[in-house]
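Take a look at the structure below.
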Amino acid sequence: MSSSGDGTPPNRRIGEIAAMVSAVTAVIGLLLAVFGVPFVGGSSAHRTIAGGAETAPASSTPAPTETHTPGSPAATIEPSTAPSASSQPSASSQPSPSAVPKGWHRVSEPDLTVAFALPDGWIQRMKNDIQSNWKSPDDAHDMSVKRDTSYGSTAVEASAGQLAWYRDTSKSSMADLEVVTHPTQQNGQSALWLEIDYHWVRQREPRKRVELFVAGQAGHVYQLLFDTAASSEKLARQRQMFATARAHLLIDWSAPS
């Protein structure tokens, strides 16, 4: 049988073609490896193998979040920038108190290991081993700072226990509570603040209570609250005071010697 036109046996030509294909494949593989093109089953940049989802850059500012009970208005609050004292227990390492706004002054309660700011002219109505209660000169607003272990050592436990007490009308004299719970940051750690709409028993005037819960040391939870009648003017004032008080709250605080 005659061979092909150029005198090369067919088996030899097939072998040359196979060698050429193999060489080209090797060159392509080398180029893919050099330029970082992933193979099937690998992970390209910013992609995880397990999930196959793009990896977003980490945000330095946590997004505001909220939870609320049915029938209550929704609202959010940005994480607080209040200084952290609880993470630095020694007096020498505690942050220096920031200057309070004009018309406010700082109050220290050594027995409660807390320092806070109040508008000028407010009157202390009650003080015991767990709380300090204050009232505005016109009796329109109430404020309280509390350090307690009664309901647990976390903000979640303490807020749940306090709400259960509020809902017991025979103890609290509060009725028809509607509650919105906001996760937030306070003094450098996770915290909760609550919006509580209610009225006193045998009174129909609607009221608003805003209350912060943040865990401190030794199982204590600190609470900061403002309470007022729910008129537009008073609520606007309450929001401003609550924000200012949060910004100047120092927990696990001991006065410098």
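Chain labels run A, B, ... following the order of the structure tokens; each chain numbers its residues from 1, and ligands are numbered from 1 in the order shown.
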
Hey, could you make a per-residue contact list for stretch 137-188 of chain A against stretch 207-226 of chain A with 6 Å as the cut-off, showing the nearest pair of atoms and its distance in Å to one decimal, counting only C-alpha atoms, sorted by chain and number, as JSON lines?
```
{"residue": "A:Asp142", "atom": "CA", "partner": "A:Phe226", "partner_atom": "CA", "distance": 5.6}
{"residue": "A:Met143", "atom": "CA", "partner": "A:Phe226", "partner_atom": "CA", "distance": 4.5}
{"residue": "A:Ser144", "atom": "CA", "partner": "A:Leu225", "partner_atom": "CA", "distance": 5.3}
{"residue": "A:Val145", "atom": "CA", "partner": "A:Leu224", "partner_atom": "CA", "distance": 4.7}
{"residue": "A:Lys146", "atom": "CA", "partner": "A:Gln223", "partner_atom": "CA", "distance": 4.9}
{"residue": "A:Arg147", "atom": "CA", "partner": "A:Tyr222", "partner_atom": "CA", "distance": 4.5}
{"residue": "A:Asp148", "atom": "CA", "partner": "A:His220", "partner_atom": "CA", "distance": 5.4}
{"residue": "A:Thr149", "atom": "CA", "partner": "A:His220", "partner_atom": "CA", "distance": 5.1}
{"residue": "A:Ser153", "atom": "CA", "partner": "A:Gly219", "partner_atom": "CA", "distance": 4.5}
{"residue": "A:Thr154", "atom": "CA", "partner": "A:Ala215", "partner_atom": "CA", "distance": 5.4}
{"residue": "A:Ala155", "atom": "CA", "partner": "A:Phe213", "partner_atom": "CA", "distance": 5.1}
```

Got time to write the residues from that selection, all heavy atoms, as an mmCIF file, in the first residue's frame?
```
data_model
loop_
_atom_site.group_PDB
_atom_site.id
_atom_site.type_symbol
_atom_site.label_atom_id
_atom_site.label_comp_id
_atom_site.auth_asym_id
_atom_site.auth_seq_id
_atom_site.Cartn_x
_atom_site.Cartn_y
_atom_site.Cartn_z
ATOM 1 N N ASP A 142 -39.084 63.333 84.193
ATOM 2 C CA ASP A 142 -38.408 62.533 85.216
ATOM 3 C C ASP A 142 -37.195 61.854 84.599
ATOM 4 O O ASP A 142 -37.189 61.501 83.405
ATOM 5 C CB ASP A 142 -39.345 61.463 85.775
ATOM 6 C CG ASP A 142 -40.500 62.059 86.550
ATOM 7 O OD1 ASP A 142 -40.278 62.533 87.672
ATOM 8 O OD2 ASP A 142 -41.637 62.057 86.016
ATOM 9 N N MET A 143 -36.182 61.642 85.430
ATOM 10 C CA MET A 143 -34.976 60.961 84.984
ATOM 11 C C MET A 143 -34.497 60.044 86.102
ATOM 12 O O MET A 143 -34.632 60.375 87.291
ATOM 13 C CB MET A 143 -33.892 61.983 84.633
ATOM 14 C CG MET A 143 -32.568 61.383 84.185
ATOM 15 S SD MET A 143 -31.411 61.141 85.545
ATOM 16 C CE MET A 143 -29.906 60.832 84.626
ATOM 17 N N SER A 144 -33.954 58.888 85.729
ATOM 18 C CA SER A 144 -33.439 57.958 86.730
ATOM 19 C C SER A 144 -32.214 57.244 86.189
ATOM 20 O O SER A 144 -32.149 56.911 84.997
ATOM 21 C CB SER A 144 -34.507 56.924 87.105
ATOM 22 O OG SER A 144 -34.000 56.009 88.056
ATOM 23 N N VAL A 145 -31.236 57.022 87.067
ATOM 24 C CA VAL A 145 -30.082 56.183 86.775
ATOM 25 C C VAL A 145 -30.097 55.046 87.785
ATOM 26 O O VAL A 145 -30.272 55.268 88.985
ATOM 27 C CB VAL A 145 -28.759 56.965 86.883
ATOM 28 C CG1 VAL A 145 -27.567 56.031 86.736
ATOM 29 C CG2 VAL A 145 -28.703 58.053 85.828
ATOM 30 N N LYS A 146 -29.922 53.835 87.287
ATOM 31 C CA LYS A 146 -30.043 52.659 88.137
ATOM 32 C C LYS A 146 -28.912 51.683 87.846
ATOM 33 O O LYS A 146 -28.491 51.522 86.691
ATOM 34 C CB LYS A 146 -31.404 51.986 87.871
ATOM 35 C CG LYS A 146 -31.726 50.766 88.725
ATOM 36 C CD LYS A 146 -33.124 50.258 88.347
ATOM 37 C CE LYS A 146 -33.517 49.027 89.144
ATOM 38 N NZ LYS A 146 -34.843 48.509 88.740
ATOM 39 N N ARG A 147 -28.396 51.031 88.890
ATOM 40 C CA ARG A 147 -27.432 49.935 88.736
ATOM 41 C C ARG A 147 -27.973 48.755 89.520
ATOM 42 O O ARG A 147 -28.163 48.831 90.726
ATOM 43 C CB ARG A 147 -26.051 50.332 89.269
ATOM 44 C CG ARG A 147 -24.976 49.287 89.010
ATOM 45 C CD ARG A 147 -23.704 49.567 89.786
ATOM 46 N NE ARG A 147 -23.918 49.405 91.231
ATOM 47 C CZ ARG A 147 -22.920 49.357 92.109
ATOM 48 N NH1 ARG A 147 -21.674 49.478 91.718
ATOM 49 N NH2 ARG A 147 -23.183 49.206 93.405
ATOM 50 N N ASP A 148 -28.216 47.632 88.822
ATOM 51 C CA ASP A 148 -28.971 46.556 89.451
ATOM 52 C C ASP A 148 -28.475 45.200 88.960
ATOM 53 O O ASP A 148 -27.856 45.091 87.891
ATOM 54 C CB ASP A 148 -30.454 46.724 89.120
ATOM 55 C CG ASP A 148 -31.371 45.925 90.025
ATOM 56 O OD1 ASP A 148 -30.892 45.392 91.034
ATOM 57 O OD2 ASP A 148 -32.571 45.833 89.703
ATOM 58 N N THR A 149 -28.757 44.159 89.741
ATOM 59 C CA THR A 149 -28.479 42.774 89.350
ATOM 60 C C THR A 149 -29.740 41.920 89.410
ATOM 61 O O THR A 149 -29.674 40.708 89.234
ATOM 62 C CB THR A 149 -27.417 42.153 90.284
ATOM 63 O OG1 THR A 149 -27.901 42.195 91.645
ATOM 64 C CG2 THR A 149 -26.093 42.908 90.202
ATOM 65 N N SER A 153 -27.468 39.672 84.180
ATOM 66 C CA SER A 153 -26.217 40.411 83.995
ATOM 67 C C SER A 153 -26.017 40.945 82.587
ATOM 68 O O SER A 153 -24.970 41.505 82.282
ATOM 69 C CB SER A 153 -25.029 39.505 84.356
ATOM 70 O OG SER A 153 -25.017 38.342 83.521
ATOM 71 N N THR A 154 -27.012 40.776 81.708
ATOM 72 C CA THR A 154 -26.919 41.295 80.351
ATOM 73 C C THR A 154 -28.038 42.301 80.101
ATOM 74 O O THR A 154 -29.062 42.301 80.797
ATOM 75 C CB THR A 154 -27.017 40.175 79.300
ATOM 76 O OG1 THR A 154 -28.359 39.648 79.299
ATOM 77 C CG2 THR A 154 -26.023 39.056 79.602
ATOM 78 N N ALA A 155 -27.842 43.127 79.076
ATOM 79 C CA ALA A 155 -28.868 44.110 78.731
ATOM 80 C C ALA A 155 -30.173 43.430 78.324
ATOM 81 O O ALA A 155 -31.271 43.904 78.654
ATOM 82 C CB ALA A 155 -28.364 45.015 77.606
#
```

Point to revise | For A:Ala230, the nearest of the candidates A:Gly161, A:Pro206, A:Gly103, A:Pro110, counting only C-alpha atoms | key: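 Under the stated criterion, the closest residue is A:Pro206.
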
Review point. When distances are computed from only C-alpha atoms, which of A:Ser172, A:Ser159, A:Ser190, A:Thr244 shows the smallest separation from A:Phe116?
Key: A:Thr244

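Here atom CA of A:Val179 is placed at a distance of 15.8 Å from atom CA of A:Ala229.
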